[in-house]
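Trainee: File upload12.csv below, CSV, C-alpha atoms:
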```
chain,number,residue,atom,x,y,z
A,29,MET,CA,107.5,64.8,164.2
A,30,SER,CA,107.8,67.5,166.8
A,31,THR,CA,111.5,67.7,166.3
A,32,LEU,CA,111.1,68.8,162.7
A,33,PRO,CA,111.4,72.5,161.9
A,34,TRP,CA,108.3,74.6,161.0
A,35,ARG,CA,107.6,74.9,157.2
A,36,HIS,CA,106.7,78.6,157.8
A,37,PRO,CA,108.1,79.6,161.2
A,38,ASP,CA,107.0,83.3,160.9
A,39,ARG,CA,103.4,82.3,160.3
A,40,VAL,CA,103.5,79.8,163.2
A,41,ALA,CA,104.9,82.5,165.5
A,42,ALA,CA,102.2,84.9,164.4
A,43,LEU,CA,99.5,82.3,165.1
A,44,GLU,CA,100.9,81.4,168.5
A,45,ASN,CA,101.1,85.0,169.5
A,46,ALA,CA,97.5,85.6,168.4
A,47,LEU,CA,96.3,82.5,170.4
A,48,ARG,CA,97.9,83.9,173.5
A,49,GLU,CA,96.3,87.3,173.1
A,50,ARG,CA,92.6,86.5,172.3
A,51,ILE,CA,90.0,83.9,171.4
A,52,LEU,CA,90.5,83.4,167.6
A,53,ILE,CA,87.6,83.2,165.3
A,54,LEU,CA,87.1,80.4,162.8
A,55,ASP,CA,84.9,80.8,159.8
A,56,GLY,CA,81.4,79.4,159.3
A,57,GLY,CA,79.7,76.9,157.0
A,58,MET,CA,81.1,76.7,153.4
A,59,GLY,CA,78.2,74.4,152.3
A,60,THR,CA,75.7,76.7,153.8
A,61,MET,CA,76.9,79.6,151.6
A,62,LEU,CA,77.2,77.5,148.5
A,63,GLN,CA,73.8,76.0,148.8
A,64,GLY,CA,72.5,79.6,149.0
A,65,ARG,CA,73.7,80.1,145.5
A,66,GLN,CA,71.3,77.5,144.2
A,67,LEU,CA,73.6,76.4,141.4
A,68,ASP,CA,72.3,74.0,138.8
A,69,GLU,CA,74.2,71.2,137.0
A,70,SER,CA,75.8,73.5,134.5
A,71,GLY,CA,76.9,75.8,137.4
A,72,PHE,CA,78.8,73.0,139.0
A,73,ARG,CA,80.3,71.8,135.7
A,74,GLY,CA,81.5,75.1,134.5
A,75,ASP,CA,83.4,75.3,131.2
A,76,ARG,CA,85.8,72.5,132.2
A,77,PHE,CA,83.1,69.8,132.4
A,78,VAL,CA,80.5,71.1,130.1
A,79,GLU,CA,80.8,68.2,127.7
A,80,GLY,CA,80.6,65.6,130.4
A,81,ARG,CA,84.3,65.0,130.7
A,82,ASP,CA,87.4,66.7,132.1
A,83,SER,CA,88.6,68.8,129.2
A,84,GLN,CA,91.8,69.6,130.9
A,85,HIS,CA,92.9,66.1,131.6
A,86,ALA,CA,95.0,64.2,129.1
A,87,HIS,CA,93.0,61.0,129.6
A,88,ALA,CA,89.7,62.8,129.2
A,89,HIS,CA,87.8,61.1,132.0
A,90,ASP,CA,84.3,60.4,130.9
A,91,HIS,CA,81.3,60.7,133.1
A,92,PRO,CA,78.2,58.6,132.6
A,93,GLY,CA,75.0,60.5,131.8
A,94,SER,CA,73.6,59.4,135.2
A,95,CYS,CA,76.6,60.9,137.0
A,96,ASP,CA,75.5,64.4,138.0
A,97,LEU,CA,78.2,66.8,139.4
A,98,LYS,CA,75.6,69.0,141.1
A,99,GLY,CA,76.2,68.9,144.9
A,100,ASN,CA,80.0,68.3,144.6
A,101,ASN,CA,80.8,71.5,146.4
A,102,ASP,CA,84.6,70.9,146.3
A,103,LEU,CA,84.5,70.9,142.5
A,104,LEU,CA,83.6,74.6,142.6
A,105,THR,CA,87.1,75.3,143.6
A,106,LEU,CA,88.0,74.5,140.0
A,107,THR,CA,84.9,75.5,138.1
A,108,LYS,CA,83.8,78.5,140.1
A,109,PRO,CA,86.8,79.7,142.0
A,110,GLU,CA,85.4,83.2,142.3
A,111,ILE,CA,82.5,81.9,144.4
A,112,ILE,CA,84.8,80.1,146.8
A,113,GLN,CA,87.1,83.2,147.0
A,114,GLY,CA,84.0,85.3,147.8
A,115,VAL,CA,83.0,83.0,150.6
A,116,HIS,CA,86.4,83.2,152.2
A,117,GLU,CA,86.3,87.0,151.9
A,118,ALA,CA,82.9,87.2,153.4
A,119,TYR,CA,84.0,85.3,156.5
A,120,LEU,CA,87.2,87.3,156.8
A,121,GLU,CA,85.2,90.5,156.6
A,122,ALA,CA,82.9,89.2,159.4
A,123,GLY,CA,85.9,88.9,161.6
A,124,ALA,CA,87.4,85.4,161.0
A,125,ASP,CA,91.0,84.9,161.9
A,126,LEU,CA,91.2,81.5,160.2
A,127,VAL,CA,89.4,80.3,157.1
A,128,GLU,CA,89.0,76.7,156.1
A,129,THR,CA,89.7,75.4,152.6
A,130,ASN,CA,86.9,74.1,150.5
A,131,THR,CA,88.4,70.6,150.6
A,132,PHE,CA,86.1,68.6,153.0
A,133,ASN,CA,85.5,65.9,150.3
A,134,SER,CA,88.7,66.3,148.3
A,135,THR,CA,90.0,62.8,148.6
A,136,ARG,CA,89.9,60.0,146.0
A,137,ILE,CA,87.5,58.1,148.2
A,138,SER,CA,84.9,60.9,148.4
A,139,GLN,CA,85.4,62.1,144.8
A,140,ALA,CA,84.8,58.5,143.5
A,141,ASP,CA,81.1,59.2,143.9
A,142,TYR,CA,81.5,61.6,140.9
A,143,HIS,CA,84.2,59.6,139.0
A,144,LEU,CA,86.6,62.5,139.7
A,145,GLN,CA,89.3,60.7,141.8
A,146,HIS,CA,92.0,62.1,139.5
A,147,LEU,CA,91.3,65.6,140.8
A,148,ALA,CA,92.1,64.9,144.5
A,149,TYR,CA,95.5,66.6,144.6
A,150,GLU,CA,94.5,69.5,142.4
A,151,LEU,CA,91.4,70.2,144.4
A,152,ASN,CA,93.5,70.4,147.6
A,153,ARG,CA,96.2,72.5,146.1
A,154,GLU,CA,93.9,75.0,144.4
A,155,GLY,CA,91.6,75.1,147.5
A,156,ALA,CA,94.6,76.1,149.6
A,157,LYS,CA,95.7,78.7,147.1
A,158,LEU,CA,92.3,80.4,147.2
A,159,ALA,CA,92.3,80.5,151.0
A,160,ARG,CA,95.9,81.7,151.0
A,161,VAL,CA,95.2,84.6,148.6
A,162,ALA,CA,92.2,85.7,150.7
A,163,CYS,CA,94.2,85.6,154.0
A,164,ASN,CA,97.1,87.5,152.4
A,165,ALA,CA,94.8,90.2,151.2
A,166,TYR,CA,93.2,90.7,154.6
A,167,THR,CA,96.5,90.5,156.5
A,168,ALA,CA,97.8,93.3,154.2
A,169,LYS,CA,94.8,95.4,155.1
A,170,ASN,CA,95.5,95.1,158.8
A,171,PRO,CA,99.0,93.6,159.6
A,172,ALA,CA,98.1,93.7,163.3
A,173,LYS,CA,95.5,91.0,162.7
A,174,PRO,CA,97.1,88.3,160.6
A,175,ARG,CA,94.8,85.8,158.9
A,176,PHE,CA,95.5,82.1,158.5
A,177,ALA,CA,94.5,79.4,156.0
A,178,ILE,CA,93.4,76.0,157.5
A,179,GLY,CA,93.8,73.1,155.1
A,180,ILE,CA,90.9,70.7,155.7
A,181,LEU,CA,91.0,67.0,155.7
A,182,GLY,CA,87.5,65.6,156.0
A,183,PRO,CA,86.5,62.2,157.3
A,184,THR,CA,85.9,60.6,153.9
A,185,SER,CA,82.6,58.7,153.2
A,186,ARG,CA,83.9,55.5,154.8
A,187,THR,CA,84.7,54.2,158.2
A,188,ALA,CA,87.6,51.9,159.2
A,189,SER,CA,86.1,50.9,162.5
A,190,LEU,CA,82.6,49.9,161.6
A,191,SER,CA,81.0,47.6,159.0
A,192,PRO,CA,78.5,49.2,156.6
A,193,ASP,CA,76.7,45.8,156.5
A,194,VAL,CA,74.7,45.0,159.6
A,195,ASN,CA,74.7,41.3,158.6
A,196,ASP,CA,78.5,41.2,158.4
A,197,PRO,CA,80.0,43.0,161.4
A,198,GLY,CA,83.5,42.0,160.4
A,199,PHE,CA,83.3,43.5,156.9
A,200,ARG,CA,85.2,46.8,156.1
A,201,ASN,CA,84.9,48.8,152.9
A,202,VAL,CA,88.2,50.6,153.4
A,203,THR,CA,91.6,49.7,154.9
A,204,PHE,CA,93.9,51.8,157.0
A,205,GLU,CA,96.4,51.8,154.2
A,206,GLU,CA,93.9,53.1,151.7
A,207,LEU,CA,93.0,55.9,154.0
A,208,VAL,CA,96.7,56.8,154.6
A,209,ASP,CA,97.2,57.0,150.8
A,210,ASN,CA,94.1,59.2,150.4
A,211,TYR,CA,95.2,61.6,153.2
A,212,THR,CA,98.8,61.7,152.0
A,213,GLU,CA,97.7,62.9,148.5
A,214,ALA,CA,95.3,65.4,149.9
A,215,ALA,CA,97.6,66.8,152.5
A,216,SER,CA,100.4,67.2,149.8
A,217,GLY,CA,98.1,69.4,147.8
A,218,LEU,CA,97.2,71.5,150.9
A,219,LEU,CA,100.8,72.1,151.7
A,220,ASP,CA,101.8,72.9,148.1
A,221,GLY,CA,98.9,75.4,148.0
A,222,GLY,CA,100.1,77.2,151.0
A,223,ALA,CA,98.0,76.1,154.0
A,224,ASP,CA,99.3,77.4,157.3
A,225,VAL,CA,97.7,74.7,159.4
A,226,ILE,CA,96.1,71.3,158.6
A,227,MET,CA,92.9,70.4,160.4
A,228,VAL,CA,91.6,66.8,160.6
A,229,GLU,CA,87.9,67.6,160.9
A,230,THR,CA,84.5,66.2,161.7
A,231,ILE,CA,86.0,62.9,163.0
A,232,PHE,CA,83.4,60.3,163.7
A,233,ASP,CA,85.8,57.4,163.6
A,234,THR,CA,89.0,57.8,165.4
A,235,LEU,CA,90.7,55.1,163.3
A,236,ASN,CA,90.1,57.3,160.3
A,237,ALA,CA,91.7,60.1,162.2
A,238,LYS,CA,94.7,58.0,163.1
A,239,ALA,CA,95.2,57.2,159.5
A,240,ALA,CA,95.2,61.0,158.7
A,241,LEU,CA,97.6,61.7,161.5
A,242,PHE,CA,99.9,58.9,160.5
A,243,ALA,CA,99.8,60.2,156.9
A,244,LEU,CA,100.7,63.7,158.1
A,245,SER,CA,103.6,62.4,160.3
A,246,GLU,CA,105.1,60.5,157.4
A,247,LEU,CA,104.5,63.4,154.9
A,248,PHE,CA,106.2,65.9,157.2
A,249,ARG,CA,109.1,63.6,157.8
A,250,ALA,CA,109.5,63.0,154.0
A,251,ARG,CA,109.5,66.8,153.4
A,252,GLY,CA,111.7,67.7,156.3
A,253,SER,CA,109.3,70.2,157.8
A,254,ARG,CA,105.9,70.5,159.4
A,255,VAL,CA,102.9,72.7,160.0
A,256,PRO,CA,100.7,72.8,163.1
A,257,VAL,CA,97.9,70.2,163.2
A,258,MET,CA,94.4,70.8,164.5
A,259,ILE,CA,92.0,67.9,165.4
A,260,SER,CA,88.3,68.3,165.6
A,261,GLY,CA,85.9,65.4,166.4
A,262,THR,CA,82.2,65.2,166.2
A,263,ILE,CA,79.8,63.9,168.8
A,264,THR,CA,77.0,62.3,166.9
A,265,ASP,CA,74.2,62.4,169.4
A,266,ARG,CA,73.3,63.4,173.0
A,267,SER,CA,75.0,60.3,174.3
A,268,GLY,CA,78.2,62.3,174.1
A,269,ARG,CA,80.1,59.8,172.0
A,270,THR,CA,81.6,59.7,168.5
A,271,LEU,CA,80.2,57.2,166.0
A,272,SER,CA,83.0,54.8,166.9
A,273,GLY,CA,82.0,55.0,170.5
A,274,GLN,CA,84.4,57.3,172.3
A,275,THR,CA,83.6,60.0,174.8
A,276,ALA,CA,85.2,63.4,174.3
A,277,GLU,CA,87.9,62.6,176.9
A,278,ALA,CA,88.7,59.2,175.4
A,279,PHE,CA,88.9,60.8,172.0
A,280,TYR,CA,91.4,63.4,173.3
A,281,TYR,CA,93.7,60.8,174.9
A,282,SER,CA,93.7,58.7,171.7
A,283,VAL,CA,95.1,61.6,169.6
A,284,LYS,CA,97.2,63.6,172.1
A,285,HIS,CA,100.4,61.8,171.1
A,286,ILE,CA,100.5,63.9,167.9
A,287,ARG,CA,100.9,67.0,170.1
A,288,PRO,CA,98.3,68.9,168.1
A,289,LEU,CA,98.0,72.7,168.2
A,290,SER,CA,94.4,72.2,169.2
A,291,VAL,CA,91.7,69.6,169.8
A,292,GLY,CA,88.0,70.4,169.5
A,293,LEU,CA,84.5,69.4,168.5
A,294,ASN,CA,82.4,70.5,165.5
A,295,CYS,CA,79.2,69.7,163.6
A,296,ALA,CA,76.3,67.3,164.5
A,297,LEU,CA,75.1,69.2,167.5
A,298,GLY,CA,74.3,72.9,168.2
A,299,ALA,CA,76.5,74.8,170.7
A,300,ALA,CA,74.2,74.3,173.7
A,301,ASP,CA,74.3,70.5,173.3
A,302,LEU,CA,78.1,70.5,172.7
A,303,ARG,CA,78.9,72.6,175.8
A,304,PRO,CA,79.4,69.7,178.3
A,305,HIS,CA,81.7,67.9,175.9
A,306,VAL,CA,83.7,71.1,175.1
A,307,GLN,CA,83.9,71.6,178.9
A,308,THR,CA,85.4,68.1,179.2
A,309,LEU,CA,88.1,68.9,176.6
A,310,ALA,CA,88.8,72.2,178.3
A,311,ASN,CA,89.4,70.3,181.5
A,312,VAL,CA,91.8,67.7,180.2
A,313,ALA,CA,93.5,69.1,177.1
A,314,GLU,CA,97.1,70.2,177.3
A,315,CYS,CA,96.7,72.0,173.9
A,316,TYR,CA,94.3,74.7,172.7
A,317,VAL,CA,90.6,73.9,172.5
A,318,SER,CA,88.4,74.8,169.6
A,319,THR,CA,84.7,74.4,168.7
A,320,HIS,CA,82.6,75.2,165.6
A,321,PRO,CA,79.1,73.9,166.2
A,322,ASN,CA,76.1,73.9,164.0
A,323,ALA,CA,73.5,76.6,164.2
A,324,GLY,CA,71.3,74.5,166.5
A,325,LEU,CA,69.9,71.1,165.6
A,326,PRO,CA,68.4,70.6,162.2
A,327,ASN,CA,64.6,70.9,161.8
A,328,ALA,CA,62.2,68.6,160.0
A,329,PHE,CA,63.4,70.0,156.7
A,330,GLY,CA,67.1,69.5,157.5
A,331,GLU,CA,67.6,73.3,158.0
A,332,TYR,CA,69.1,75.2,160.9
A,333,ASP,CA,67.0,77.8,162.7
A,334,GLU,CA,69.3,79.3,165.3
A,335,THR,CA,69.9,83.0,164.6
A,336,PRO,CA,73.2,84.7,164.9
A,337,ALA,CA,72.1,86.4,168.2
A,338,GLN,CA,70.9,83.1,169.7
A,339,MET,CA,74.1,81.3,168.8
A,340,ALA,CA,76.3,84.1,170.0
A,341,ALA,CA,74.5,84.1,173.4
A,342,VAL,CA,75.4,80.5,173.9
A,343,ILE,CA,79.0,81.0,172.8
A,344,ASP,CA,79.2,83.9,175.2
A,345,GLY,CA,78.8,81.5,178.0
A,346,PHE,CA,81.6,79.2,176.6
A,347,ALA,CA,84.0,82.2,176.4
A,348,ARG,CA,83.0,83.7,179.8
A,349,ASP,CA,83.7,80.4,181.5
A,350,GLY,CA,87.2,80.1,179.9
A,351,LEU,CA,86.5,77.1,177.7
A,352,LEU,CA,87.7,78.4,174.4
A,353,ASN,CA,90.8,79.3,172.3
A,354,MET,CA,89.1,79.1,168.9
A,355,VAL,CA,85.5,79.3,168.0
A,356,GLY,CA,83.4,79.4,164.8
A,357,GLY,CA,80.5,77.8,163.1
A,358,CYS,CA,79.6,74.7,161.1
A,359,CYS,CA,76.4,73.7,159.3
A,360,GLY,CA,73.8,76.4,159.0
A,361,THR,CA,76.2,79.3,160.0
A,362,THR,CA,76.8,82.3,157.8
A,363,PRO,CA,79.0,85.5,158.0
A,364,ALA,CA,76.3,87.0,160.2
A,365,HIS,CA,76.7,84.2,162.7
A,366,ILE,CA,80.5,84.6,162.7
A,367,LYS,CA,80.2,88.4,163.2
A,368,ALA,CA,78.0,87.9,166.2
A,369,ILE,CA,80.2,85.1,167.6
A,370,ALA,CA,83.3,87.3,167.2
A,371,GLU,CA,81.7,90.2,169.0
A,372,ALA,CA,80.7,87.9,171.9
A,373,ALA,CA,84.1,86.2,172.2
A,374,SER,CA,86.0,89.5,172.0
A,375,LYS,CA,84.9,90.4,175.6
A,376,TYR,CA,86.8,87.5,177.2
A,377,ALA,CA,90.3,86.2,177.6
A,378,PRO,CA,91.3,82.9,175.9
A,379,ARG,CA,91.4,79.7,177.9
A,380,ALA,CA,94.9,79.4,179.5
A,381,LEU,CA,97.0,76.4,178.8
A,382,ALA,CA,98.3,74.4,181.8
A,383,SER,CA,101.8,75.6,181.0
A,384,GLU,CA,100.7,79.2,181.0
A,385,GLN,CA,99.0,78.8,184.3
A,386,LYS,CA,102.2,77.4,185.8
A,387,GLU,CA,104.2,80.4,184.5
A,388,ALA,CA,101.6,82.8,185.9
A,389,ALA,CA,101.9,81.2,189.3
```
Step by step, read the file and then write its structure as structure tokens.
Mentor:
Amino acid sequence: MSTLPWRHPDRVAALENALRERILILDGGMGTMLQGRQLDESGFRGDRFVEGRDSQHAHAHDHPGSCDLKGNNDLLTLTKPEIIQGVHEAYLEAGADLVETNTFNSTRISQADYHLQHLAYELNREGAKLARVACNAYTAKNPAKPRFAIGILGPTSRTASLSPDVNDPGFRNVTFEELVDNYTEAASGLLDGGADVIMVETIFDTLNAKAALFALSELFRARGSRVPVMISGTITDRSGRTLSGQTAEAFYYSVKHIRPLSVGLNCALGAADLRPHVQTLANVAECYVSTHPNAGLPNAFGEYDETPAQMAAVIDGFARDGLLNMVGGCCGTTPAHIKAIAEAASKYAPRALASEQKEAA
């Protein structure tokens, strides 16, 4: 895959130049911002699904009365694009260099919960377009600070390594091939919509991630060009392991063959609890290192209490100690968090790659 030409060589060059110059800022939580809008069922359905079916699809997919669309945040890309555009712009205004598409659950597997499997490609394509438009607008305002759209591939709601049935440990509710098909369709939409980078994000099962990475490799080969790939796993508890049992170091070594632009950790834990695991990645990774943690750990109500100042103070230590190339926020973070994180990170040089350290010597 690494022998293929870049799909957008000018954008890749601009991104690599920026990474050498400073710690780049990722955006914050999309879900956090959308939940704050407190949309009801009609808000999620919009005009397109007001009658309980997809009015723009030839086969008029019906939805049972019990199938609510409320909570399907990815659907807002189609029914309320102005809201998604506004979230991107708010994070760019706060200082984000890279914004993530609203496509975390835009696979057939995840959309099956809403009987909207047929939207998977469209959700990814239109999600990438919205992020692309926002990035282009802010790059035009300040060409010295180019902005980049990250196409997001989420983990899906299934796991290829573990059984969902404690009484049948050999059972699997998804195959590797099914995951590859889902990721190929989603990534095709992201590329067609104009994503600069693709991030395989919130990885709790490395086998799922391997399916995504295989899908990307085959898709790039079929198209004859590639975009940079970012990989971000999630440590599920203080044991320091992913749900499928890997430490941060083992996780890195199991995906390094793809020669990613970056490897990092996001979600599940707050920045303070993620620090030792990001430190591990910073010590072993031959690529760039990213992190976008939650705003602390969730409280008894599932909410996040860490303020922008508190989170930025922890991230300051990450940056001061040379652990970071990219940093942002996940669950519970807002533009205020990203603004504070950007201000903290701006005081420090980015983590140097091993190749850059050799050149300096």
Trainee: For the atom pair atom CA of Val342 of chain A and atom CA of Gln307 of chain A, what is the interatomic distance in Å to one decimal place?
Mentor: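 Taking atom CA of Val342 of chain A as the start and atom CA of Gln307 of chain A as the end point, the length is 13.3 Å.
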Trainee: Using only C-alpha atoms, which residues sit within 8 Å of Gly268 of chain A once same-chain residues fewer than 6 positions away are excluded, as a list in words?
Mentor: Thr275, Ala276 and His305 of chain A
Trainee: Can you measure atom CA of Val208 of chain A to atom CA of Val127 of chain A for me? One decimal in Å is fine.
Mentor: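 One can read the atom CA of Val208 of chain A to atom CA of Val127 of chain A distance as 24.7 Å.
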Trainee: Between A:Asn195, A:Asn45, A:Ser83, A:Asn353, which has the minimum distance to Leu381 of chain A (counting all atoms listed in the file)?
Mentor: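 When distances to Leu381 of chain A are compared using all atoms listed in the file, the smallest one comes from A:Asn353.
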Trainee: I'd like the interatomic distance between atom CA of Thr264 of chain A and atom CA of Asp233 of chain A, to a tenth of an Å.
Mentor: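 Taking atom CA of Thr264 of chain A as the start and atom CA of Asp233 of chain A as the end point, the length is 10.6 Å.
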Trainee: If you count only C-alpha atoms, which residues fall within 8 Å of segment 221-230 of chain A, apart from same-chain ones fewer than 6 positions away, as a PDB file with C-alpha atoms, keeping the file's coordinate frame?
Mentor:
```pdb
ATOM      1  CA  HIS A  36     106.700  78.600 157.800  1.00  0.00           C
ATOM      2  CA  ARG A  39     103.400  82.300 160.300  1.00  0.00           C
ATOM      3  CA  VAL A  40     103.500  79.800 163.200  1.00  0.00           C
ATOM      4  CA  ASN A 152      93.500  70.400 147.600  1.00  0.00           C
ATOM      5  CA  ARG A 153      96.200  72.500 146.100  1.00  0.00           C
ATOM      6  CA  GLU A 154      93.900  75.000 144.400  1.00  0.00           C
ATOM      7  CA  GLY A 155      91.600  75.100 147.500  1.00  0.00           C
ATOM      8  CA  ALA A 156      94.600  76.100 149.600  1.00  0.00           C
ATOM      9  CA  LYS A 157      95.700  78.700 147.100  1.00  0.00           C
ATOM     10  CA  ALA A 159      92.300  80.500 151.000  1.00  0.00           C
ATOM     11  CA  ARG A 160      95.900  81.700 151.000  1.00  0.00           C
ATOM     12  CA  PHE A 176      95.500  82.100 158.500  1.00  0.00           C
ATOM     13  CA  ALA A 177      94.500  79.400 156.000  1.00  0.00           C
ATOM     14  CA  ILE A 178      93.400  76.000 157.500  1.00  0.00           C
ATOM     15  CA  GLY A 179      93.800  73.100 155.100  1.00  0.00           C
ATOM     16  CA  ILE A 180      90.900  70.700 155.700  1.00  0.00           C
ATOM     17  CA  LEU A 181      91.000  67.000 155.700  1.00  0.00           C
ATOM     18  CA  GLY A 182      87.500  65.600 156.000  1.00  0.00           C
ATOM     19  CA  PRO A 183      86.500  62.200 157.300  1.00  0.00           C
ATOM     20  CA  ALA A 215      97.600  66.800 152.500  1.00  0.00           C
ATOM     21  CA  ALA A 237      91.700  60.100 162.200  1.00  0.00           C
ATOM     22  CA  ALA A 240      95.200  61.000 158.700  1.00  0.00           C
ATOM     23  CA  LEU A 241      97.600  61.700 161.500  1.00  0.00           C
ATOM     24  CA  VAL A 255     102.900  72.700 160.000  1.00  0.00           C
ATOM     25  CA  PRO A 256     100.700  72.800 163.100  1.00  0.00           C
ATOM     26  CA  VAL A 257      97.900  70.200 163.200  1.00  0.00           C
ATOM     27  CA  MET A 258      94.400  70.800 164.500  1.00  0.00           C
ATOM     28  CA  ILE A 259      92.000  67.900 165.400  1.00  0.00           C
ATOM     29  CA  SER A 260      88.300  68.300 165.600  1.00  0.00           C
ATOM     30  CA  GLY A 261      85.900  65.400 166.400  1.00  0.00           C
ATOM     31  CA  THR A 262      82.200  65.200 166.200  1.00  0.00           C
ATOM     32  CA  LEU A 293      84.500  69.400 168.500  1.00  0.00           C
ATOM     33  CA  ASN A 294      82.400  70.500 165.500  1.00  0.00           C
ATOM     34  CA  CYS A 295      79.200  69.700 163.600  1.00  0.00           C
TER      35      CYS A 295
END
```
Trainee: Counting all atoms listed in the file, what is within 12 Å of Glu331 of chain A, bar same-chain residues fewer than 2 positions away, as a PDB file with C-alpha atoms, in the frame of the given file?
Mentor:
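That gives us out35.pdb:
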```
ATOM      1  CA  THR A  60      75.700  76.700 153.800  1.00  0.00           C
ATOM      2  CA  GLN A  63      73.800  76.000 148.800  1.00  0.00           C
ATOM      3  CA  ASN A 322      76.100  73.900 164.000  1.00  0.00           C
ATOM      4  CA  ALA A 323      73.500  76.600 164.200  1.00  0.00           C
ATOM      5  CA  GLY A 324      71.300  74.500 166.500  1.00  0.00           C
ATOM      6  CA  LEU A 325      69.900  71.100 165.600  1.00  0.00           C
ATOM      7  CA  PRO A 326      68.400  70.600 162.200  1.00  0.00           C
ATOM      8  CA  ASN A 327      64.600  70.900 161.800  1.00  0.00           C
ATOM      9  CA  ALA A 328      62.200  68.600 160.000  1.00  0.00           C
ATOM     10  CA  PHE A 329      63.400  70.000 156.700  1.00  0.00           C
ATOM     11  CA  ASP A 333      67.000  77.800 162.700  1.00  0.00           C
ATOM     12  CA  GLU A 334      69.300  79.300 165.300  1.00  0.00           C
ATOM     13  CA  THR A 335      69.900  83.000 164.600  1.00  0.00           C
ATOM     14  CA  CYS A 359      76.400  73.700 159.300  1.00  0.00           C
ATOM     15  CA  GLY A 360      73.800  76.400 159.000  1.00  0.00           C
ATOM     16  CA  THR A 361      76.200  79.300 160.000  1.00  0.00           C
TER      17      THR A 361
END
```
Trainee: Between A:Ser30, A:Ser318, A:Thr129, A:Ser245, which residue has the minimum interatomic distance to Leu218 of chain A, considering only C-alpha atoms?
Mentor: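 Closest to Leu218 of chain A, using only C-alpha atoms: A:Thr129.
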Trainee: Rank A:Leu289, A:Ala188, A:Leu151, A:Ile53 by their smallest atom-to-atom distance to Glu121 of chain A, using only C-alpha atoms, and report the top residue only.
Mentor: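 Nearest candidate to Glu121 of chain A out of A:Leu289, A:Ala188, A:Leu151, A:Ile53: A:Ile53.
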Trainee: Which residue gives the smallest distance to Ile231 of chain A among A:Pro109, A:Gly292, A:Gly356, A:Pro171, with only C-alpha atoms counted?
Mentor: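 Nearest to Ile231 of chain A: A:Gly292.
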Trainee: When you count all atoms listed in the file, which of these residues is closest to Glu117 of chain A: A:Ile137, A:Ala368, A:Leu43, A:Ala165?
Mentor: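 Checking each of A:Ile137, A:Ala368, A:Leu43, A:Ala165 against Glu117 of chain A, counting all atoms listed in the file, the winner is A:Ala165.
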Trainee: In terms of the shortest atom-to-atom distance over all atoms listed in the file, which of A:Pro197, A:Glu110, A:Arg50, A:Gly80 is closest to Ala347 of chain A?
Mentor: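 Using all atoms listed in the file, the shortest distance to Ala347 of chain A belongs to A:Arg50.
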Trainee: Counting all atoms listed in the file, I want the residues whose atoms come within 10 Å of (85.2, 89.4, 180.6) in the file frame, returned as a ChimeraX atom specification.
Mentor: /A:344,347-350,372-377
Trainee: Do you know which residues are at most 12 Å from Ala42 of chain A counting only C-alpha atoms, after dropping those on the same chain fewer than 4 positions away, and could you put them as a PyMOL selection string?
Mentor: chain A and resi 36-38+46-49+125+167+171-176+224
